[in-house]
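So this block is target_10.tsv, TSV, C-alpha atoms:
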```tsv
chain	number	residue	atom	x	y	z
A	733	GLN	CA	0.00	0.00	0.00
A	734	GLN	CA	1.68	3.18	-1.19
A	735	GLN	CA	-0.62	5.58	0.60
A	736	VAL	CA	-0.22	8.16	3.28
A	737	LYS	CA	-3.41	9.17	5.08
A	738	GLN	CA	-3.45	12.70	6.47
A	739	SER	CA	-5.88	14.36	8.86
A	740	PRO	CA	-7.55	16.71	9.42
A	741	GLN	CA	-8.33	18.17	6.01
A	742	SER	CA	-8.57	21.63	7.54
A	743	LEU	CA	-7.64	23.14	10.88
A	744	ILE	CA	-8.36	26.49	12.50
A	745	VAL	CA	-6.22	27.54	15.46
A	746	GLN	CA	-5.95	30.71	17.47
A	747	LYS	CA	-2.69	32.61	17.54
A	748	GLY	CA	-0.42	31.13	20.18
A	749	GLY	CA	-2.14	27.75	20.10
A	750	ILE	CA	-0.76	24.35	19.10
A	751	SER	CA	-1.50	22.97	15.65
A	752	ILE	CA	-1.36	19.20	15.24
A	753	ILE	CA	-1.55	17.35	11.93
A	754	ASN	CA	-1.49	13.57	11.79
A	755	CYS	CA	-0.40	11.09	9.15
A	756	ALA	CA	-0.50	7.31	8.93
A	757	TYR	CA	1.01	4.80	6.53
A	758	GLU	CA	0.90	1.07	5.88
A	759	ASN	CA	4.01	0.26	3.89
A	760	THR	CA	6.93	-0.43	6.23
A	761	ALA	CA	9.34	0.07	3.31
A	762	PHE	CA	8.88	3.84	3.60
A	763	ASP	CA	12.18	5.12	4.93
A	764	TYR	CA	11.97	8.90	5.14
A	765	PHE	CA	9.15	11.18	6.22
A	766	PRO	CA	9.24	14.86	5.19
A	767	TRP	CA	6.67	17.58	5.70
A	768	TYR	CA	6.09	20.24	3.06
A	769	GLN	CA	4.54	23.68	3.53
A	770	GLN	CA	2.69	25.45	0.73
A	771	PHE	CA	1.64	29.09	0.68
A	772	PRO	CA	-1.03	30.29	-1.78
A	773	GLY	CA	0.36	30.80	-5.27
A	774	LYS	CA	3.57	28.93	-4.50
A	775	GLY	CA	4.89	25.44	-4.81
A	776	PRO	CA	5.37	23.31	-1.69
A	777	ALA	CA	8.69	23.65	0.14
A	778	LEU	CA	10.38	21.29	2.57
A	779	LEU	CA	9.66	22.25	6.16
A	780	ILE	CA	11.10	19.46	8.29
A	781	ALA	CA	11.81	15.75	7.89
A	782	ILE	CA	12.51	12.67	10.01
A	783	ARG	CA	14.02	9.23	9.55
A	784	PRO	CA	12.28	6.20	11.12
A	785	ASP	CA	15.14	5.51	13.55
A	786	VAL	CA	14.31	8.74	15.42
A	787	SER	CA	11.16	9.31	17.49
A	788	GLU	CA	11.16	13.08	17.48
A	789	LYS	CA	12.76	15.96	15.61
A	790	LYS	CA	12.42	19.60	16.52
A	791	GLU	CA	13.26	22.68	14.50
A	792	GLY	CA	12.21	25.89	16.17
A	793	ARG	CA	8.44	25.82	16.72
A	794	PHE	CA	8.00	22.78	14.46
A	795	THR	CA	8.27	19.22	15.80
A	796	ILE	CA	7.75	15.88	14.13
A	797	SER	CA	6.74	12.98	16.36
A	798	PHE	CA	7.23	9.53	14.88
A	799	ASN	CA	5.70	6.27	16.15
A	800	LYS	CA	7.18	3.41	14.16
A	801	SER	CA	5.12	0.65	15.77
A	802	ALA	CA	1.86	2.49	15.11
A	803	LYS	CA	3.03	3.60	11.64
A	804	GLN	CA	2.04	7.15	12.42
A	805	PHE	CA	3.76	10.50	12.44
A	806	SER	CA	2.58	13.97	13.25
A	807	LEU	CA	3.55	17.62	12.91
A	808	HIS	CA	3.19	19.90	15.90
A	809	ILE	CA	3.40	23.67	15.48
A	810	MET	CA	3.88	25.37	18.83
A	811	ASP	CA	2.86	28.99	19.41
A	812	SER	CA	1.10	29.04	16.03
A	813	GLN	CA	1.27	32.37	14.19
A	814	PRO	CA	-0.87	33.86	11.40
A	815	GLY	CA	2.18	33.53	9.14
A	816	ASP	CA	1.96	29.75	9.58
A	817	SER	CA	-1.34	29.76	7.70
A	818	ALA	CA	-0.66	27.47	4.76
A	819	THR	CA	-1.36	24.00	3.44
A	820	TYR	CA	0.79	21.27	4.96
A	821	PHE	CA	1.56	17.96	3.27
A	822	CYS	CA	3.09	14.96	4.94
A	823	ALA	CA	4.99	12.59	2.70
A	824	ALA	CA	6.86	9.31	2.74
A	825	SER	CA	9.64	8.18	0.47
A	826	LEU	CA	10.19	4.76	-0.95
A	827	THR	CA	13.31	3.57	-2.72
A	828	GLN	CA	12.76	0.02	-3.82
A	829	GLY	CA	13.47	-2.10	-6.88
A	830	GLY	CA	15.11	0.73	-8.80
A	831	SER	CA	12.13	2.99	-8.19
A	832	GLU	CA	12.24	6.19	-6.18
A	833	LYS	CA	8.93	7.66	-5.09
A	834	LEU	CA	7.73	10.34	-2.74
A	835	VAL	CA	4.10	9.76	-1.77
A	836	PHE	CA	2.11	12.71	-0.42
A	837	GLY	CA	-0.83	12.91	1.93
A	838	LYS	CA	-3.83	14.91	0.76
A	839	GLY	CA	-2.89	18.02	2.68
A	840	THR	CA	-4.17	20.04	5.63
A	841	LYS	CA	-5.18	23.65	5.25
A	842	LEU	CA	-4.15	25.46	8.43
A	843	THR	CA	-5.62	28.82	9.33
A	844	VAL	CA	-4.21	30.66	12.32
A	845	ASN	CA	-6.50	33.44	13.49
A	846	PRO	CA	-4.92	36.58	14.98
N	1013	GLU	CA	19.51	31.44	-7.65
N	1014	ALA	CA	18.63	27.75	-7.43
N	1015	GLN	CA	15.19	27.28	-8.87
N	1016	VAL	CA	12.69	25.26	-10.84
N	1017	THR	CA	11.05	27.32	-13.55
N	1018	GLN	CA	7.73	26.39	-15.11
N	1019	ASN	CA	6.04	28.11	-18.00
N	1020	PRO	CA	3.43	29.29	-18.50
N	1021	ARG	CA	1.95	30.17	-15.08
N	1022	TYR	CA	-1.57	30.24	-16.47
N	1023	LEU	CA	-2.98	28.52	-19.53
N	1024	ILE	CA	-6.50	28.34	-20.93
N	1025	THR	CA	-7.03	26.03	-23.86
N	1026	VAL	CA	-9.73	24.07	-25.63
N	1027	THR	CA	-10.35	20.35	-25.70
N	1028	GLY	CA	-8.04	18.51	-28.06
N	1029	LYS	CA	-5.50	21.26	-28.69
N	1030	LYS	CA	-2.03	19.92	-27.96
N	1031	LEU	CA	-0.02	21.82	-25.38
N	1032	THR	CA	3.33	21.66	-23.63
N	1033	VAL	CA	4.22	22.94	-20.18
N	1034	THR	CA	7.92	23.51	-19.84
N	1035	CYS	CA	10.02	22.85	-16.75
N	1036	SER	CA	13.66	23.69	-16.24
N	1037	GLN	CA	15.95	23.39	-13.22
N	1038	ASN	CA	19.40	24.89	-12.70
N	1039	MET	CA	20.59	22.68	-9.83
N	1040	ASN	CA	21.97	19.77	-11.86
N	1041	HIS	CA	19.38	17.51	-10.24
N	1042	GLU	CA	18.99	13.96	-11.52
N	1043	TYR	CA	15.41	13.43	-10.36
N	1044	MET	CA	12.49	15.39	-11.82
N	1045	SER	CA	8.77	14.86	-11.45
N	1046	TRP	CA	5.39	16.27	-12.42
N	1047	TYR	CA	2.48	16.49	-9.99
N	1048	ARG	CA	-1.06	17.69	-10.31
N	1049	GLN	CA	-2.85	19.27	-7.37
N	1050	ASP	CA	-6.63	19.10	-7.08
N	1051	PRO	CA	-8.81	20.15	-4.13
N	1052	GLY	CA	-9.22	17.30	-1.67
N	1053	LEU	CA	-6.87	15.03	-3.61
N	1054	GLY	CA	-3.53	16.53	-2.68
N	1055	LEU	CA	-0.47	16.10	-4.87
N	1056	ARG	CA	-0.61	13.21	-7.29
N	1057	GLN	CA	2.42	12.18	-9.28
N	1058	ILE	CA	2.00	12.08	-13.05
N	1059	TYR	CA	5.45	11.05	-14.31
N	1060	TYR	CA	8.96	11.10	-12.97
N	1061	SER	CA	12.46	10.80	-14.33
N	1062	MET	CA	15.53	9.54	-12.52
N	1063	ASN	CA	17.93	10.70	-15.21
N	1064	VAL	CA	18.28	11.66	-18.87
N	1065	GLU	CA	16.24	9.35	-21.11
N	1066	VAL	CA	14.83	7.54	-18.04
N	1067	THR	CA	11.16	8.21	-17.34
N	1068	ASP	CA	8.46	6.26	-15.54
N	1069	LYS	CA	4.77	6.52	-14.82
N	1070	GLY	CA	3.51	7.92	-11.57
N	1071	ASP	CA	0.04	7.41	-10.16
N	1072	VAL	CA	-2.01	9.31	-12.76
N	1073	PRO	CA	-0.14	9.15	-16.11
N	1074	GLU	CA	-3.13	8.75	-18.46
N	1075	GLY	CA	-3.39	11.56	-21.01
N	1076	TYR	CA	0.13	12.87	-20.39
N	1077	LYS	CA	3.54	12.42	-21.97
N	1078	VAL	CA	6.98	13.52	-20.85
N	1079	SER	CA	10.50	13.52	-22.21
N	1080	ARG	CA	13.93	13.97	-20.64
N	1081	LYS	CA	16.39	14.69	-23.42
N	1082	GLU	CA	18.53	16.97	-21.28
N	1083	LYS	CA	19.18	16.90	-17.56
N	1084	ARG	CA	17.76	20.35	-16.89
N	1085	ASN	CA	14.49	20.10	-18.83
N	1086	PHE	CA	11.42	17.95	-18.26
N	1087	PRO	CA	8.44	19.11	-20.35
N	1088	LEU	CA	4.91	17.85	-19.78
N	1089	ILE	CA	2.91	17.24	-22.94
N	1090	LEU	CA	-0.85	16.95	-23.22
N	1091	GLU	CA	-1.48	15.69	-26.74
N	1092	SER	CA	-5.28	15.96	-26.58
N	1093	PRO	CA	-6.30	17.81	-23.43
N	1094	SER	CA	-9.68	17.15	-21.88
N	1095	PRO	CA	-11.64	19.11	-19.24
N	1096	ASN	CA	-10.72	16.57	-16.54
N	1097	GLN	CA	-7.11	17.69	-16.93
N	1098	THR	CA	-8.03	21.13	-15.63
N	1099	SER	CA	-5.76	21.37	-12.62
N	1100	LEU	CA	-2.77	23.02	-10.97
N	1101	TYR	CA	0.45	21.41	-12.14
N	1102	PHE	CA	3.80	21.40	-10.39
N	1103	CYS	CA	7.19	20.39	-11.63
N	1104	ALA	CA	9.75	19.38	-9.02
N	1105	SER	CA	13.36	18.30	-8.91
N	1106	SER	CA	15.67	16.64	-6.42
N	1107	LEU	CA	19.25	15.43	-6.33
N	1108	ARG	CA	17.89	11.92	-5.72
N	1109	ILE	CA	14.95	10.66	-3.63
N	1110	LEU	CA	17.34	7.88	-2.66
N	1111	TYR	CA	19.55	10.43	-0.87
N	1112	ASN	CA	16.56	11.92	0.99
N	1113	SER	CA	17.34	15.21	-0.66
N	1114	PRO	CA	14.39	17.62	-0.71
N	1115	LEU	CA	12.09	18.17	-3.65
N	1116	HIS	CA	12.28	21.69	-5.06
N	1117	PHE	CA	9.01	22.77	-6.63
N	1118	GLY	CA	8.24	25.31	-9.30
N	1119	ASN	CA	5.50	27.88	-8.71
N	1120	GLY	CA	2.91	25.94	-10.64
N	1121	THR	CA	0.95	26.13	-13.88
N	1122	ARG	CA	-2.79	26.58	-13.63
N	1123	LEU	CA	-4.36	24.88	-16.63
N	1124	THR	CA	-7.97	25.26	-17.67
N	1125	VAL	CA	-9.33	23.08	-20.48
N	1126	THR	CA	-12.72	24.15	-21.84
```
Would it be possible to restate this file's structure as structure tokens?
Amino acid sequence: QQQVKQSPQSLIVQKGGISIINCAYENTAFDYFPWYQQFPGKGPALLIAIRPDVSEKKEGRFTISFNKSAKQFSLHIMDSQPGDSATYFCAASLTQGGSEKLVFGKGTKLTVNP
Amino acid sequence: EAQVTQNPRYLITVTGKKLTVTCSQNMNHEYMSWYRQDPGLGLRQIYYSMNVEVTDKGDVPEGYKVSRKEKRNFPLILESPSPNQTSLYFCASSLRILYNSPLHFGNGTRLTVT
């Protein structure tokens, strides 16, 4: 199963709150889990990424939590700001049998109210 | 400046009229890919290329063609566009998915087929 399931589809948070976006996968061959951030009118850009041998990675206000046994990973945005309003995509990469693929979740539109 | 350049940004065409969306990257990346983005469906891969003259189908290749004659260019060809190909298209490049190097996206091409 080369799918990544992402939830929620949309999220509204007040300024200063915590935003949490969840993703789940089935294929244990996935070996790298990046998150991409997309602002309106722009292409997605890499935000933060984690390898499956690490349970947590933090970069500033952004943290990825990874649960290998549950095949789930999540993005936490602490002290959310209006400038964080964007669409967020989780992804998982697969390099197998000469093929290299990056599979995306369906995205979460985050709105941070001032 | 390192970038992926897509042209045009906006395109309105009629059913059946062949079109090409160009994509060029200046980072000497081996891996290039085309995605389409539709509301509620996220980013779906159309075709990808791991090197010159090496292309492979993604998840939604029907109705599209690609070529990779040079490392920097990866055009997307719609030989007979149909209204269901109305979408936002993104070209992306990476050193190699295998190396967990990030995907760099262009700013998108919004295509409308009437």
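The spacing separating CA of Leu1053 in chain N from CA of Thr1124 in chain N amounts to 17.4 Å.
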(request) Write out as a PyMOL selection string every residue belonging to chain A that has an atom at most 6 Å from any atom of chain N, counting all atoms listed in the file. (result) chain A and resi 774-775+827+832+838-839
Using only C-alpha atoms, please write the residues we just selected to a file, as a compact mmCIF listing (two decimals), in the frame of the given file.
```txt
# COMPACT_ATOMS: atom_id res chain seq x y z
CA LYS A 774 3.57 28.93 -4.50
CA GLY A 775 4.89 25.44 -4.81
CA THR A 827 13.31 3.57 -2.72
CA GLU A 832 12.24 6.19 -6.18
CA LYS A 838 -3.83 14.91 0.76
CA GLY A 839 -2.89 18.02 2.68
```
(request) In the coordinate frame of the file, compute which residues have an atom within 10 Å of (-14.6, 17.7, -29.1) when using only C-alpha atoms, and state them as number ranges by chain. (result) N: 1026-1029, 1092, 1094, 1126
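Using all atoms listed in the file, the contacts of Phe821 in chain A at a cut-off of 10 Å, with sequence neighbours closer than 2 positions omitted, comprise Val736, Gln738, Ser739, Ile753, Cys755, Pro766, Trp767, Tyr768, Gln769, Gln770, Pro776, Ala777, Leu778, Leu779, Leu807, Ala818, Thr819, Ala823, Val835, Phe836, Gly837, Lys838, Gly839, Thr840 and Lys841 of chain A; Gly1054 and Leu1055 of chain N.
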Axis-aligned box over every listed atom of range 816-819 of chain A, padded by 5 Å per side: centre and edges in Å to one decimal, as JSON?
```
{"center_x": 0.3, "center_y": 26.9, "center_z": 6.5, "size_x": 13.3, "size_y": 15.8, "size_z": 16.1}
```
(request) Between CA of Tyr757 in chain A and CA of Lys803 in chain A, measure the distance and give it in Å to one decimal. (result) 5.6 Å
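CA of Val1033 in chain N is positioned 21.8 Å from CA of Leu1107 in chain N.
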(message) Under the rule that only C-alpha atoms are counted, which of N:Leu1100, N:Ser1105, N:Glu1091, N:Tyr1059 is the nearest residue to Ala1014 in chain N?
(response) N:Ser1105
(request) Name the residues within 10 Å of (13.0, 1.3, 5.6), counting only C-alpha atoms in the file's coordinates, and put them as a PyMOL selection string. (result) chain A and resi 759-764+783-785+825-828
(request) Point out the residue among A:Ile744, A:Phe805, A:Gln735, A:Ser812 with the least atom-to-atom distance to Leu834 in chain A, counting all atoms listed in the file. (result) A:Gln735
(request) Compare A:Gln741, A:Pro846, A:Ile750, A:Ala756 by their minimum atom-to-atom distance to Thr795 in chain A, counting all atoms listed in the file, and give me the closest one. (result) A:Ile750
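Counting all atoms listed in the file, the residue from A:Ser787, A:Ser831, A:Ile752, A:Cys822 that sits nearest to Thr1067 in chain N is A:Ser831.
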